[in-house]
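Trainee: run_15.cif is reproduced below (mmCIF, C-alpha atoms and all ligand atoms).
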```cif
data_protein
loop_
_atom_site.group_PDB
_atom_site.id
_atom_site.type_symbol
_atom_site.label_atom_id
_atom_site.label_comp_id
_atom_site.auth_asym_id
_atom_site.auth_seq_id
_atom_site.Cartn_x
_atom_site.Cartn_y
_atom_site.Cartn_z
ATOM 1 C CA MET A 121 19.562 59.375 -8.738
ATOM 2 C CA SER A 122 22.541 58.583 -10.922
ATOM 3 C CA LEU A 123 22.312 56.416 -14.020
ATOM 4 C CA ARG A 124 24.841 53.997 -12.456
ATOM 5 C CA PHE A 125 22.645 53.562 -9.325
ATOM 6 C CA ILE A 126 19.530 52.900 -11.474
ATOM 7 C CA LEU A 127 21.500 50.304 -13.476
ATOM 8 C CA ILE A 128 22.677 48.494 -10.307
ATOM 9 C CA VAL A 129 19.114 48.435 -8.865
ATOM 10 C CA THR A 130 17.739 47.086 -12.181
ATOM 11 C CA VAL A 131 20.349 44.282 -12.320
ATOM 12 C CA CYS A 132 19.659 43.343 -8.671
ATOM 13 C CA MET A 133 15.899 43.215 -9.268
ATOM 14 C CA ALA A 134 16.437 41.025 -12.347
ATOM 15 C CA LEU A 135 18.610 38.642 -10.307
ATOM 16 C CA ILE A 136 15.960 38.431 -7.555
ATOM 17 C CA VAL A 137 13.269 37.571 -10.162
ATOM 18 C CA VAL A 138 15.504 34.865 -11.703
ATOM 19 C CA CYS A 139 16.163 33.407 -8.222
ATOM 20 C CA LEU A 140 12.428 33.332 -7.419
ATOM 21 C CA ILE A 141 11.618 31.608 -10.728
ATOM 22 C CA GLY A 142 14.331 29.052 -9.970
ATOM 23 C CA ALA A 143 12.965 28.428 -6.461
ATOM 24 C CA GLU A 144 9.448 27.828 -7.742
ATOM 25 C CA GLY A 145 10.574 25.329 -10.362
ATOM 26 C CA ARG A 146 12.895 23.387 -8.068
ATOM 27 C CA PRO A 147 11.599 19.971 -6.920
ATOM 28 C CA VAL A 148 11.075 19.397 -3.195
ATOM 29 C CA GLN A 149 14.355 18.200 -1.751
ATOM 30 C CA PRO A 150 14.688 15.305 0.707
ATOM 31 C CA VAL A 151 15.042 16.366 4.325
ATOM 32 C CA THR A 152 18.598 17.368 5.168
ATOM 33 C CA ASN A 153 18.024 17.984 8.861
ATOM 34 C CA PRO A 154 21.061 16.308 10.562
ATOM 35 C CA GLN A 155 18.873 14.588 13.193
ATOM 36 C CA GLN A 156 16.655 13.058 10.504
ATOM 37 C CA HIS A 157 19.765 12.153 8.553
ATOM 38 C CA GLN A 158 20.735 9.829 11.383
ATOM 39 C CA GLN A 159 17.164 8.491 11.590
ATOM 40 C CA ILE A 160 17.349 7.365 7.960
ATOM 41 C CA TYR A 161 19.592 4.564 9.273
ATOM 42 C CA GLN A 162 17.135 3.496 11.975
ATOM 43 C CA PRO A 163 15.287 0.237 11.278
ATOM 44 C CA GLY A 164 11.533 -0.182 11.801
ATOM 45 C CA VAL A 165 8.360 1.188 10.238
ATOM 46 C CA ARG A 166 8.345 4.938 9.662
ATOM 47 C CA ASN A 167 6.837 7.775 7.713
ATOM 48 C CA SER A 168 8.814 8.934 4.697
ATOM 49 C CA PHE A 169 11.167 11.897 5.239
ATOM 50 C CA ASP A 170 10.851 13.187 1.677
ATOM 51 C CA GLU A 171 8.119 14.755 -0.452
ATOM 52 C CA HIS A 172 6.065 11.530 -0.244
ATOM 53 C CA ALA A 173 5.601 11.788 3.538
ATOM 54 C CA LEU A 174 2.091 10.961 4.796
ATOM 55 C CA ASN A 175 0.257 14.003 6.151
ATOM 56 C CA ALA A 176 -1.274 13.985 9.656
ATOM 57 C CA LYS A 177 -4.660 12.760 8.397
ATOM 58 C CA GLU A 178 -3.076 9.891 6.452
ATOM 59 C CA MET A 179 -0.922 8.885 9.438
ATOM 60 C CA ASN A 180 -4.059 8.759 11.582
ATOM 61 C CA LEU A 181 -5.824 6.595 9.016
ATOM 62 C CA VAL A 182 -2.911 4.150 8.978
ATOM 63 C CA LEU A 183 -2.696 4.133 12.773
ATOM 64 C CA ASN A 184 -6.437 3.514 13.256
ATOM 65 C CA GLN A 185 -6.412 0.729 10.699
ATOM 66 C CA LEU A 186 -3.395 -1.031 12.221
ATOM 67 C CA ARG A 187 -4.784 -0.619 15.752
ATOM 68 C CA ARG A 188 -8.017 -2.309 14.661
ATOM 69 C CA LYS A 189 -6.204 -5.182 12.953
ATOM 70 C CA THR A 190 -3.703 -5.815 15.738
ATOM 71 C CA GLY A 191 -5.774 -4.771 18.750
ATOM 72 C CA PHE A 192 -2.739 -2.857 20.116
ATOM 73 C CA VAL A 193 -4.045 -0.069 22.346
ATOM 74 C CA GLN A 194 -0.737 1.724 22.802
ATOM 75 C CA MET A 195 0.332 1.929 19.188
ATOM 76 C CA ARG A 196 1.430 5.367 17.948
ATOM 77 C CA PHE A 197 3.743 7.253 15.640
ATOM 78 C CA ASP A 198 6.502 8.974 17.605
ATOM 79 C CA ASP A 199 7.685 12.541 16.892
ATOM 80 C CA ALA A 200 10.147 11.334 14.278
ATOM 81 C CA GLY A 201 7.399 9.354 12.495
ATOM 82 C CA PHE A 202 8.375 5.842 13.672
ATOM 83 C CA LEU A 203 5.613 3.349 14.509
ATOM 84 C CA ARG A 204 5.837 2.304 18.187
ATOM 85 C CA VAL A 205 3.936 -0.079 20.468
ATOM 86 C CA ASP A 206 4.542 1.100 24.039
ATOM 87 C CA ASP A 207 3.004 -1.930 25.751
ATOM 88 C CA ARG A 208 2.879 -5.102 23.683
ATOM 89 C CA GLN A 209 0.724 -6.896 26.254
ATOM 90 C CA ASP A 210 -1.948 -4.211 26.064
ATOM 91 C CA PHE A 211 -4.225 -5.337 23.246
ATOM 92 C CA VAL A 212 -7.973 -5.711 22.900
ATOM 93 C CA GLY A 213 -9.250 -8.139 20.300
ATOM 94 C CA GLY A 214 -7.322 -7.983 17.055
ATOM 95 C CA SER A 215 -5.481 -10.738 15.242
ATOM 96 C CA VAL A 216 -2.494 -12.719 16.571
ATOM 97 C CA LEU A 217 -1.075 -13.001 13.035
ATOM 98 C CA ALA A 218 -1.427 -9.234 12.474
ATOM 99 C CA ARG A 219 0.389 -8.535 15.782
ATOM 100 C CA LYS A 220 3.215 -10.914 14.799
ATOM 101 C CA LEU A 221 3.578 -9.281 11.380
ATOM 102 C CA VAL A 222 3.546 -5.678 12.615
ATOM 103 C CA LEU A 223 5.998 -6.439 15.443
ATOM 104 C CA ALA A 224 8.292 -8.254 12.992
ATOM 105 C CA ALA A 225 8.287 -5.074 10.864
ATOM 106 C CA ILE A 226 8.955 -2.804 13.875
ATOM 107 C CA ASP A 227 11.717 -5.084 15.237
ATOM 108 C CA GLY A 228 13.268 -5.927 11.860
ATOM 109 C CA LYS A 229 16.797 -4.891 10.919
ATOM 110 C CA ASN A 230 15.563 -3.064 7.800
ATOM 111 C CA ALA A 231 13.369 0.018 7.359
ATOM 112 C CA VAL A 232 9.836 -0.019 5.984
ATOM 113 C CA VAL A 233 8.993 3.464 4.738
ATOM 114 C CA LEU A 234 5.367 4.559 4.310
ATOM 115 C CA GLN A 235 4.853 6.854 1.345
ATOM 116 C CA SER A 236 1.824 8.723 0.019
ATOM 117 C CA HIS A 237 1.258 8.621 -3.754
ATOM 118 C CA ASN A 238 -2.288 9.884 -4.128
ATOM 119 C CA CYS A 239 -4.034 9.855 -7.520
ATOM 120 C CA SER A 240 -1.159 7.892 -9.061
ATOM 121 C CA GLN A 241 -1.922 6.088 -12.317
ATOM 122 C CA GLU A 242 0.986 3.693 -11.671
ATOM 123 C CA ILE A 243 -0.174 2.577 -8.223
ATOM 124 C CA GLY A 244 -3.421 0.751 -7.542
ATOM 125 C CA PHE A 245 -4.187 0.950 -3.780
ATOM 126 C CA ALA A 246 -0.603 0.239 -2.682
ATOM 127 C CA ARG A 247 2.551 -1.515 -3.749
ATOM 128 C CA ARG A 248 5.996 -2.345 -2.490
ATOM 129 C CA GLY A 249 8.499 0.031 -4.085
ATOM 130 C CA TYR A 250 12.118 -0.657 -4.936
ATOM 131 C CA GLU A 251 14.447 -1.475 -2.063
ATOM 132 C CA THR A 252 17.212 1.064 -1.477
ATOM 133 C CA HIS A 253 20.571 0.366 0.218
ATOM 134 C CA SER A 254 22.035 3.415 1.963
ATOM 135 C CA SER A 255 25.382 3.701 3.679
ATOM 136 C CA HIS A 256 26.935 6.723 5.345
ATOM 137 C CA TRP A 257 30.136 7.949 3.682
ATOM 138 C CA ARG A 258 31.959 8.589 6.969
ATOM 139 C CA THR A 259 30.555 6.068 9.453
ATOM 140 C CA ASP A 260 29.598 2.411 9.191
ATOM 141 C CA LEU A 261 25.874 3.263 9.307
ATOM 142 C CA GLN A 262 23.845 1.473 6.673
ATOM 143 C CA ILE A 263 20.259 0.410 6.072
ATOM 144 C CA ILE A 264 18.071 -1.364 3.557
ATOM 145 C CA ALA A 265 14.746 0.469 3.150
ATOM 146 C CA THR A 266 11.605 -0.790 1.429
ATOM 147 C CA PRO A 267 8.964 1.802 0.589
ATOM 148 C CA ILE A 268 5.279 0.981 0.771
ATOM 149 C CA GLU A 269 3.676 3.336 -1.722
ATOM 150 C CA ILE A 270 0.038 4.041 -0.864
ATOM 151 C CA ASP A 271 -2.611 5.673 -3.036
ATOM 152 C CA PHE A 272 -5.153 6.652 -0.362
ATOM 153 C CA ASP A 273 -7.496 8.076 -2.992
ATOM 154 C CA ASP A 274 -8.094 4.666 -4.638
ATOM 155 C CA PHE A 275 -10.107 3.276 -1.716
ATOM 156 C CA LYS A 276 -12.895 5.774 -2.502
ATOM 157 C CA HIS A 277 -13.528 3.961 -5.791
ATOM 158 C CA LEU A 278 -14.481 0.549 -4.353
ATOM 159 C CA HIS A 279 -18.021 -0.751 -4.940
ATOM 160 C CA GLY A 280 -19.760 -4.011 -4.073
ATOM 161 C CA HIS A 281 -20.661 -5.858 -0.871
ATOM 162 C CA SER A 282 -19.767 -3.788 2.174
ATOM 163 C CA GLU A 283 -18.245 -6.872 3.886
ATOM 164 C CA ALA A 284 -15.920 -7.429 0.903
ATOM 165 C CA ILE A 285 -14.926 -3.754 0.863
ATOM 166 C CA ALA A 286 -14.177 -3.990 4.594
ATOM 167 C CA ALA A 287 -11.968 -7.035 3.875
ATOM 168 C CA PHE A 288 -9.937 -4.970 1.401
ATOM 169 C CA ASP A 289 -9.447 -1.780 3.373
ATOM 170 C CA LEU A 290 -6.283 0.257 3.885
ATOM 171 C CA GLY A 291 -5.174 -1.876 6.856
ATOM 172 C CA PHE A 292 -5.410 -5.205 5.012
ATOM 173 C CA VAL A 293 -3.610 -3.739 1.991
ATOM 174 C CA ILE A 294 -0.752 -2.453 4.190
ATOM 175 C CA LEU A 295 -0.534 -5.854 5.916
ATOM 176 C CA HIS A 296 -0.290 -7.441 2.453
ATOM 177 C CA GLU A 297 2.661 -5.183 1.613
ATOM 178 C CA LEU A 298 4.308 -5.990 4.964
ATOM 179 C CA CYS A 299 4.101 -9.686 4.007
ATOM 180 C CA HIS A 300 6.287 -8.832 0.992
ATOM 181 C CA ALA A 301 8.634 -6.436 2.773
ATOM 182 C CA VAL A 302 9.101 -8.275 6.067
ATOM 183 C CA LEU A 303 8.269 -11.951 5.523
ATOM 184 C CA GLY A 304 9.556 -12.084 1.939
ATOM 185 C CA LEU A 305 6.350 -13.739 0.720
ATOM 186 C CA SER A 306 5.262 -13.467 -2.910
ATOM 187 C CA ASP A 307 1.951 -13.230 -4.734
ATOM 188 C CA TYR A 308 2.693 -16.327 -6.764
ATOM 189 C CA SER A 309 1.196 -19.693 -6.189
ATOM 190 C CA ALA A 310 1.426 -22.974 -8.065
ATOM 191 C CA LYS A 311 -2.347 -23.225 -7.888
ATOM 192 C CA LEU A 312 -4.295 -21.379 -10.584
ATOM 193 C CA ASN A 313 -6.637 -18.630 -9.419
ATOM 194 C CA SER A 314 -5.519 -18.936 -5.821
ATOM 195 C CA ALA A 315 -4.869 -16.083 -3.427
ATOM 196 C CA GLY A 316 -1.059 -16.460 -3.416
ATOM 197 C CA ASN A 317 1.298 -16.668 -0.469
ATOM 198 C CA CYS A 318 0.865 -13.084 0.785
ATOM 199 C CA GLU A 319 -2.908 -13.248 0.674
ATOM 200 C CA ASN A 320 -2.872 -16.677 2.335
ATOM 201 C CA TYR A 321 -1.224 -14.979 5.327
ATOM 202 C CA VAL A 322 -3.631 -12.020 5.183
ATOM 203 C CA ASN A 323 -6.555 -14.448 4.896
ATOM 204 C CA GLY A 324 -5.375 -15.958 8.190
ATOM 205 C CA ILE A 325 -5.719 -12.467 9.710
ATOM 206 C CA ARG A 326 -9.172 -12.039 8.124
ATOM 207 C CA ARG A 327 -10.242 -15.416 9.563
ATOM 208 C CA GLU A 328 -9.149 -14.349 13.065
ATOM 209 C CA LEU A 329 -11.103 -11.114 12.660
ATOM 210 C CA GLY A 330 -14.180 -12.839 11.196
ATOM 211 C CA VAL A 331 -14.162 -10.996 7.867
ATOM 212 C CA PRO A 332 -14.501 -12.577 4.396
ATOM 213 C CA GLU A 333 -11.435 -14.176 2.823
ATOM 214 C CA ARG A 334 -10.078 -13.207 -0.577
ATOM 215 C CA GLN A 335 -10.400 -16.017 -3.086
ATOM 216 C CA GLN A 336 -7.866 -15.128 -5.750
ATOM 217 C CA TYR A 337 -4.953 -12.775 -6.222
ATOM 218 C CA ALA A 338 -5.803 -11.965 -9.836
ATOM 219 C CA ALA A 339 -8.778 -9.712 -10.408
ATOM 220 C CA ASN A 340 -11.135 -10.417 -13.314
ATOM 221 C CA VAL A 341 -11.287 -7.479 -15.692
ATOM 222 C CA SER A 342 -14.282 -7.087 -17.978
ATOM 223 C CA LEU A 343 -16.539 -4.413 -19.440
ATOM 224 C CA LYS A 344 -19.317 -3.667 -16.958
ATOM 225 C CA LYS A 345 -21.736 -0.934 -16.040
ATOM 226 C CA MET A 346 -20.721 0.347 -12.618
ATOM 227 C CA PHE A 347 -24.246 1.781 -12.249
ATOM 228 C CA SER A 348 -27.395 0.921 -14.250
ATOM 229 C CA PHE A 349 -27.458 4.399 -15.782
ATOM 230 C CA SER A 350 -23.731 4.621 -16.636
ATOM 231 C CA PRO A 351 -21.886 3.328 -19.736
ATOM 232 C CA SER A 352 -19.843 0.094 -19.642
ATOM 233 C CA VAL A 353 -16.297 0.615 -18.421
ATOM 234 C CA GLU A 354 -13.284 -1.617 -17.830
ATOM 235 C CA THR A 355 -13.967 -3.015 -14.376
ATOM 236 C CA ALA A 356 -11.854 -5.167 -12.051
ATOM 237 C CA THR A 357 -13.642 -7.643 -9.755
ATOM 238 C CA LEU A 358 -12.345 -9.585 -6.742
ATOM 239 C CA HIS A 359 -14.270 -12.331 -4.924
ATOM 240 C CA PHE A 360 -14.371 -13.051 -1.206
ATOM 241 C CA LEU A 361 -15.932 -15.881 0.814
ATOM 242 C CA GLN A 362 -17.638 -15.327 4.144
ATOM 243 C CA THR A 363 -18.032 -18.342 6.406
ATOM 244 C CA LYS A 364 -21.458 -18.142 8.033
ATOM 245 C CA PRO A 365 -21.395 -17.492 11.789
ATOM 246 C CA GLY A 366 -21.153 -20.648 13.874
ATOM 247 C CA ARG A 367 -19.568 -22.660 11.046
ATOM 248 C CA ARG A 368 -15.954 -23.686 11.210
ATOM 249 C CA HIS A 369 -13.760 -22.702 8.307
ATOM 250 C CA GLY A 370 -13.168 -25.561 5.867
ATOM 251 C CA SER A 371 -14.498 -27.232 2.751
ATOM 252 C CA ARG A 372 -17.781 -28.168 4.443
ATOM 253 C CA ALA A 373 -18.383 -24.787 5.977
ATOM 254 C CA LYS A 374 -21.391 -22.904 4.636
ATOM 255 C CA THR A 375 -20.158 -19.867 2.856
ATOM 256 C CA LYS A 376 -21.449 -16.804 1.073
ATOM 257 C CA THR A 377 -19.695 -15.369 -1.987
ATOM 258 C CA LEU A 378 -19.166 -11.611 -1.980
ATOM 259 C CA PHE A 379 -17.480 -9.308 -4.448
ATOM 260 C CA LEU A 380 -15.968 -5.889 -4.776
ATOM 261 C CA ARG A 381 -15.127 -4.017 -7.942
ATOM 262 C CA TRP A 382 -13.520 -0.830 -9.170
ATOM 263 C CA GLU A 383 -13.157 1.074 -12.403
ATOM 264 C CA VAL A 384 -9.704 0.343 -13.804
ATOM 265 C CA GLN A 385 -9.240 3.818 -15.288
ATOM 266 C CA LEU A 386 -10.003 5.594 -11.994
ATOM 267 C CA VAL A 387 -7.693 3.523 -9.804
ATOM 268 C CA GLY A 388 -4.742 2.917 -12.162
ATOM 269 C CA GLY A 389 -1.894 0.524 -11.456
ATOM 270 C CA LYS A 390 -2.669 -1.492 -14.548
ATOM 271 C CA SER A 391 0.949 -1.932 -15.645
ATOM 272 C CA ASP A 392 1.520 -3.975 -12.484
ATOM 273 C CA TYR A 393 -1.103 -6.506 -13.455
ATOM 274 C CA PHE A 394 0.210 -6.881 -16.960
ATOM 275 C CA ALA A 395 3.751 -7.302 -15.690
ATOM 276 C CA PHE A 396 2.445 -10.044 -13.411
ATOM 277 C CA SER A 397 0.404 -11.795 -16.090
ATOM 278 C CA LYS A 398 3.376 -11.762 -18.472
ATOM 279 C CA ARG A 399 5.624 -13.353 -15.863
ATOM 280 C CA LYS A 400 3.154 -16.124 -15.134
ATOM 281 C CA PRO A 401 3.119 -18.664 -17.972
ATOM 282 C CA LYS A 402 -0.341 -19.782 -18.977
ATOM 283 C CA LEU A 403 -1.237 -23.402 -19.764
ATOM 284 C CA ASP A 404 -3.849 -24.223 -22.406
ATOM 285 C CA SER A 405 -6.179 -25.466 -19.682
ATOM 286 C CA GLU A 406 -5.758 -22.150 -17.856
ATOM 287 C CA ILE A 407 -6.587 -20.165 -20.982
ATOM 288 C CA ALA A 408 -9.722 -22.244 -21.498
ATOM 289 C CA GLN A 409 -10.856 -21.367 -18.010
ATOM 290 C CA GLN A 410 -10.421 -17.686 -18.692
ATOM 291 C CA LYS A 411 -13.951 -16.585 -19.400
ATOM 292 C CA SER A 412 -13.629 -12.911 -18.665
ATOM 293 C CA LEU A 413 -12.243 -10.280 -21.022
ATOM 294 C CA SER A 414 -8.797 -10.588 -19.469
ATOM 295 C CA GLN A 415 -7.188 -11.936 -16.326
ATOM 296 C CA VAL A 416 -4.821 -9.620 -14.572
ATOM 297 C CA THR A 417 -3.372 -9.372 -11.141
ATOM 298 C CA SER A 418 -4.982 -7.108 -8.604
ATOM 299 C CA ARG A 419 -3.562 -3.708 -7.912
ATOM 300 C CA GLU A 420 -1.929 -3.967 -4.618
ATOM 301 C CA GLU A 421 1.173 -5.652 -6.142
HETATM 302 ZN ZN ZN A 501 1.494 -8.440 -3.477
#
```
Kindly present the structure from the file in structure tokens form.

Mentor:
Amino acid sequence: MSLRFILIVTVCMALIVVCLIGAEGRPVQPVTNPQQHQQIYQPGVRNSFDEHALNAKEMNLVLNQLRRKTGFVQMRFDDAGFLRVDDRQDFVGGSVLARKLVLAAIDGKNAVVLQSHNCSQEIGFARRGYETHSSHWRTDLQIIATPIEIDFDDFKHLHGHSEAIAAFDLGFVILHELCHAVLGLSDYSAKLNSAGNCENYVNGIRRELGVPERQQYAANVSLKKMFSFSPSVETATLHFLQTKPGRRHGSRAKTKTLFLRWEVQLVGGKSDYFAFSKRKPKLDSEIAQQKSLSQVTSREE
């Protein structure tokens, strides 16, 4: 074997190693498949095409939750990851308001993109991400897309009354985000400690489904023991009201107060609450009413 041949082999091996190191360190690239490229410009509700795409288990969770809320029997994700309802008249139970909202998202002229952001410290449960405007350089294709960023892991950290936890499950949180993305509703309300416009809509869905209604948008944060044997930790609490069976909803209806809570550190998303509380000016009377350690917005911005 000549010295020249050994030198060439050594240089080639070194180049291969450098290439492999580069490949490992490179971030996952968005899908460049030409078919999916066209689908980026399709409106409706779809799975993300990039590294934040929901896996099969997460897509099933979303589908089961939305089926239960809407009652749609023939709801599915198609092969490209778009949410479809094959027969809109085929529903069992479910909420009229949830059906209207989901169909408005599917039929809308914009895209709603579901993304998975598990174990994120920035996201508590879910939030609406930044809108993106895309236009094709050669054709007149364009689309506005709103991501719904979901932290599936956070739902494992909910404690409290089982009915309240059921009223704050993945499906209700996604419906809340659709209220932002599709109906343009906000979390703000002129009334202190109220649920806000998005949650007012979602509470309508809860009422139709007979589950407790959320009482305020902002969660109370205080130091609490999550379990009797554990140390005090920063804990967020949300309250819900259940109208007793047979009673009509209203001020005279007999109700039961329920709560759910979570450890702030485990779920994350705290910066969202502080951003919210900074934007909302506080009156002296509001501050006086603030008995807990701090008042922040809940996590599903
Ligand atoms: Zn919100």

Trainee: Can you work out which residues are within 8 Å of ligand ZN 501 (chain A), considering all atoms listed in the file, and then hand them over as number ranges by chain?

Mentor: A: 247-248, 296-297, 300, 306-307, 318-319, 420-421

Trainee: Please expand the PyMOL selection byres (((chain A and resi 299) around 12) and not hetatm) into the concrete residues it hits in this file, giving the result as a PyMOL selection string.

Mentor: chain A and resi 217-218+220-222+224-225+232+247-248+266+268+292-298+300-307+316-323+325+420-421

Trainee: Atom CA of A:Glu178 to atom CA of A:Val387: how many Å, to one decimal?

Mentor: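 Going from atom CA of A:Glu178 over to atom CA of A:Val387 covers 18.1 Å.
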
Trainee: With distances taken over only C-alpha atoms, which of A:Asp271, A:Asp199, A:Glu171, A:Glu283 is nearest to A:Leu378?

Mentor: A:Glu283

Trainee: Using atom CA of A:Arg381 and atom CA of A:Thr363 as the two end points, give the distance in Å to one decimal.

Mentor: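 Atom CA of A:Thr363 lies 20.5 Å from atom CA of A:Arg381.
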
Trainee: Considering only C-alpha atoms, state which residue in the set A:Gly191, A:Gly244, A:Pro351, A:Gly330 is at the smallest distance from A:Gly388.

Mentor: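 So, comparing all the options, the nearest one is A:Gly244.
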
Trainee: Record the distance separating atom CA of A:Lys311 and atom CA of A:Tyr337, expressed in Å with one decimal.

Mentor: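 Taking atom CA of A:Lys311 as the start and atom CA of A:Tyr337 as the end point, the length is 10.9 Å.
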
Trainee: May I have the residues within 12 Å of A:Ala176 as a PDB file with C-alpha atoms, in the coordinates of the input, using only C-alpha atoms and disregarding those fewer than 3 positions away in the same chain?

Mentor:
```
ATOM      1  CA  ASN A 167       6.837   7.775   7.713  1.00  0.00           C
ATOM      2  CA  ALA A 173       5.601  11.788   3.538  1.00  0.00           C
ATOM      3  CA  MET A 179      -0.922   8.885   9.438  1.00  0.00           C
ATOM      4  CA  ASN A 180      -4.059   8.759  11.582  1.00  0.00           C
ATOM      5  CA  LEU A 181      -5.824   6.595   9.016  1.00  0.00           C
ATOM      6  CA  VAL A 182      -2.911   4.150   8.978  1.00  0.00           C
ATOM      7  CA  LEU A 183      -2.696   4.133  12.773  1.00  0.00           C
ATOM      8  CA  PHE A 197       3.743   7.253  15.640  1.00  0.00           C
ATOM      9  CA  ASP A 199       7.685  12.541  16.892  1.00  0.00           C
ATOM     10  CA  GLY A 201       7.399   9.354  12.495  1.00  0.00           C
ATOM     11  CA  SER A 236       1.824   8.723   0.019  1.00  0.00           C
TER      12      SER A 236
END
```

Trainee: What does the PyMOL selection byres (((chain A and resi 229) around 12) and not hetatm) select in this file, as an MDAnalysis selection string?

Mentor: chainID A and resid 161:165 223:228 230:232 262:266 301:302

Trainee: Between A:Lys376, A:Lys345, A:His237, A:Lys390, single out the one closest to A:Ser168, counting only C-alpha atoms.

Mentor: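 Checking each candidate against A:Ser168, we get A:His237 as the closest.
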
Trainee: Please report, as lines of an AutoDock Vina configuration file, the centre and edge lengths in Å to one decimal of an axis-aligned box covering all listed atoms of stretch 326-338 of chain A with 5 Å per side.

Mentor:
```
center_x = -9.7
center_y = -13.5
center_z = 1.6
size_x = 19.5
size_y = 15.0
size_z = 32.9
```

Trainee: Could you tell me, as a PyMOL selection string, which residues have any atom at most 6 Å from (-2.6, -5.7, 14.1), counting only C-alpha atoms?

Mentor: chain A and resi 186-187+189-191+215+218-219

Trainee: Find the spatial neighbours of A:Asp206, counting only C-alpha atoms, within a cut-off of 9 Å - ignore same-chain residues fewer than 3 positions away - and output them as JSON, numbers by chain.

Mentor: {"A": [193, 194, 195, 196, 210]}

Trainee: Could I see stretch 162-179 of chain A restored to N, CA and C atoms, set down as a JSON list (two decimals), in the frame of the given file?

Mentor:
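Contents of the output file rebuild.json:
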```
[["chain", "number", "residue", "atom", "x", "y", "z"],
["A", 162, "GLN", "N", 17.84, 4.25, 10.92],
["A", 162, "GLN", "CA", 17.14, 3.50, 11.98],
["A", 162, "GLN", "C", 16.20, 2.47, 11.34],
["A", 163, "PRO", "N", 16.23, 1.23, 11.81],
["A", 163, "PRO", "CA", 15.29, 0.24, 11.28],
["A", 163, "PRO", "C", 13.89, 0.45, 11.86],
["A", 164, "GLY", "N", 12.91, -0.27, 11.31],
["A", 164, "GLY", "CA", 11.53, -0.18, 11.80],
["A", 164, "GLY", "C", 10.59, 0.35, 10.73],
["A", 165, "VAL", "N", 9.38, 0.65, 11.16],
["A", 165, "VAL", "CA", 8.36, 1.19, 10.24],
["A", 165, "VAL", "C", 8.25, 2.68, 10.49],
["A", 166, "ARG", "N", 8.39, 3.48, 9.45],
["A", 166, "ARG", "CA", 8.35, 4.94, 9.66],
["A", 166, "ARG", "C", 7.69, 5.66, 8.49],
["A", 167, "ASN", "N", 7.31, 6.90, 8.77],
["A", 167, "ASN", "CA", 6.84, 7.78, 7.71],
["A", 167, "ASN", "C", 8.03, 8.18, 6.85],
["A", 168, "SER", "N", 7.75, 8.48, 5.59],
["A", 168, "SER", "CA", 8.81, 8.93, 4.70],
["A", 168, "SER", "C", 9.33, 10.30, 5.15],
["A", 169, "PHE", "N", 10.60, 10.58, 4.91],
["A", 169, "PHE", "CA", 11.17, 11.90, 5.24],
["A", 169, "PHE", "C", 11.17, 12.83, 4.03],
["A", 170, "ASP", "N", 10.76, 12.34, 2.87],
["A", 170, "ASP", "CA", 10.85, 13.19, 1.68],
["A", 170, "ASP", "C", 9.48, 13.73, 1.27],
["A", 171, "GLU", "N", 9.37, 14.12, 0.00],
["A", 171, "GLU", "CA", 8.12, 14.76, -0.45],
["A", 171, "GLU", "C", 6.94, 13.80, -0.46],
["A", 172, "HIS", "N", 7.16, 12.50, -0.28],
["A", 172, "HIS", "CA", 6.06, 11.53, -0.24],
["A", 172, "HIS", "C", 5.59, 11.22, 1.18],
["A", 173, "ALA", "N", 6.01, 12.02, 2.14],
["A", 173, "ALA", "CA", 5.60, 11.79, 3.54],
["A", 173, "ALA", "C", 4.08, 11.83, 3.67],
["A", 174, "LEU", "N", 3.52, 10.95, 4.50],
["A", 174, "LEU", "CA", 2.09, 10.96, 4.80],
["A", 174, "LEU", "C", 1.79, 12.23, 5.60],
["A", 175, "ASN", "N", 0.65, 12.86, 5.32],
["A", 175, "ASN", "CA", 0.26, 14.00, 6.15],
["A", 175, "ASN", "C", -0.40, 13.48, 7.44],
["A", 176, "ALA", "N", -0.75, 14.40, 8.34],
["A", 176, "ALA", "CA", -1.27, 13.98, 9.66],
["A", 176, "ALA", "C", -2.53, 13.13, 9.52],
["A", 177, "LYS", "N", -3.41, 13.50, 8.58],
["A", 177, "LYS", "CA", -4.66, 12.76, 8.40],
["A", 177, "LYS", "C", -4.37, 11.34, 7.90],
["A", 178, "GLU", "N", -3.43, 11.21, 6.99],
["A", 178, "GLU", "CA", -3.08, 9.89, 6.45],
["A", 178, "GLU", "C", -2.40, 9.03, 7.52],
["A", 179, "MET", "N", -1.57, 9.65, 8.35],
["A", 179, "MET", "CA", -0.92, 8.88, 9.44],
["A", 179, "MET", "C", -1.97, 8.36, 10.41]]
```
